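Encoded as structure tokens, the structure appears first; notes follow it.
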Amino acid sequence: MKQIKWDTLAVIPPASGDTIQYGLAGPVAGACQDYLLVGGGSNFEDAMPWNGGTKRYHDRIYRLSRKDGQLSWAQPGWKLPLAMAYSACLSTEQGIYSLGGETADGPVANAFRLRVDGDSLQLDELPDLPVAVTSGGAALIGSTIYVVGGIDVDGASKHCFALDTEAPDAGWQILPSLPVPLSHAVVAAQSDGDETCIYVLGGRNKSGITSTFLSDIWKYSPSKQQWSKAGELKLDGQAPFGLSAGTGLPYGDQDILVFGGDKGNIFNETERLIDAAAKAETDEERAKYQAQKIKNLTSHPGFCKDVYLFNCLTGELTLAGEIGGDTQVTTTAFWWNGQIIIPGGEVRPGVRSKLVTQGTLE
């Protein structure tokens, strides 16, 4: 494939009346005609979470316009229906879909579409998801949206739902469950040579002290209405690796691009330290584990910079390049005017990005 040149397309401005933009993880974001929208999202504005910081959720929508090759931000006062983050987002010709997500009170079932009509924002409510779920993935085949995985009130899930956008009143169809529960996976629609299928790459779940970072690649075939193993996150001659919270896009007629993510080493070590502190028998011992946890988090080097290419026909994974600058996770990727766009996200634990990163195929 072509090489990807990475640069900064734009910087999300401070909210009107504020002087600092702290960045936004899990924004509702996408492209709609000549506009790029970034809304909602979460951040820590008072302190890092391990220092007692409060995660704040937002509802403001920022609009980036492209006219005659020039970019400009506007804050027209548009808002999401909720202060929210971590929904599954889809950019389509009909608008930007937001599916599920979470507020400060937990997962939500809300589903809606955003459309820009002149100087107005149109917000079209869709039927609620059958289950409130956050950090799931979504993909589009024809006029049908698929929502896969995510976290519900019980943890990582096996959910798979579908909605025909041309007949939304029929509501969501509950499809065969994923083979394993997972959240934070890359979900994309691509052809397997016979039909367009839903692919789920990586993700994570948790059943014990530490989370399992998954290497499996699963495929849902609409014609068969069943899941099957499609491959593994594994480079030729190397061991499989788990990957969570990255972004991805279909590329060409048989490939899926995966941009970075978290391989879980520091994440798992942090979980072990949290558990050890909870079980500590003395204040001194507890303080030691907490200090090590904070050291690991504050010295975090950032997330995986690799760009992978998965071929849906051969099941092979190859290394396609490296991300320039910080890798943005817990966000979404989409195409805009032939460019790869990755807005906001998280670049280190607790640290959000205010950048809109652009990848150009050369």
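Letters A, B, ... mark the chains of the structure tokens in the order given; residue numbers begin at 1 per chain; ligand numbers begin at 1, in order shown.
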Practice task
Using DSSP on the backbone coordinates, identify all residues within segment 257-333 of chain A classified as strand (DSSP E); present the result as number ranges by chain.
Solution key: A: 257-261, 304-311, 317-322
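By only C-alpha atoms, and with residues fewer than 3 positions from segment 336-347 of chain A along its chain excluded, the set lying at most 7 Å from it is Gly23, Leu24, Ala25, Gly26, Ala31, Gly302, Phe303, Asp326, Thr327, Gln328, Val329, Thr330, Thr331, Thr332, Ala333, Val351, Arg352, Ser353, Lys354, Leu355, Val356, Thr357, Gln358, Gly359 and Thr360 of chain A.
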At most 12 Å is the cut-off: for each residue in segment 74-94 of chain A with any atom that close to an atom of segment 184-204 of chain A, write down the nearest atom pair and the distance in Å rounded to one decimal, counting only C-alpha atoms, chain first then increasing number, as JSON lines.
{"residue": "A:Tyr86", "atom": "CA", "partner": "A:His184", "partner_atom": "CA", "distance": 9.4}
{"residue": "A:Ser87", "atom": "CA", "partner": "A:His184", "partner_atom": "CA", "distance": 10.7}
{"residue": "A:Ala88", "atom": "CA", "partner": "A:Val187", "partner_atom": "CA", "distance": 9.5}
{"residue": "A:Cys89", "atom": "CA", "partner": "A:Val187", "partner_atom": "CA", "distance": 10.6}
{"residue": "A:Leu90", "atom": "CA", "partner": "A:Ala188", "partner_atom": "CA", "distance": 10.1}
Problem - Surrounding residues of segment 57-72 of chain A excluding itself and chain neighbours under 6 positions, 6 Å, only C-alpha atoms, as a ChimeraX atom specification - result: /A:34-42,78-80,82-84
Handout entry: Interatomic distance (Å, one decimal) between atom CA of Thr298 of chain A and atom CA of Leu9 of chain A
Key =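 Result for atom CA of Thr298 of chain A versus atom CA of Leu9 of chain A: 27.6 Å, one decimal.
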Problem - Residues near Ile217 of chain A, cut-off 12 Å, only C-alpha atoms, skip fewer than 2 positions along chain, as a ChimeraX atom specification - result: /A:178-180,182,185-188,198-203,214-215,219-220,227-234,240-243,256,310-312,315-317
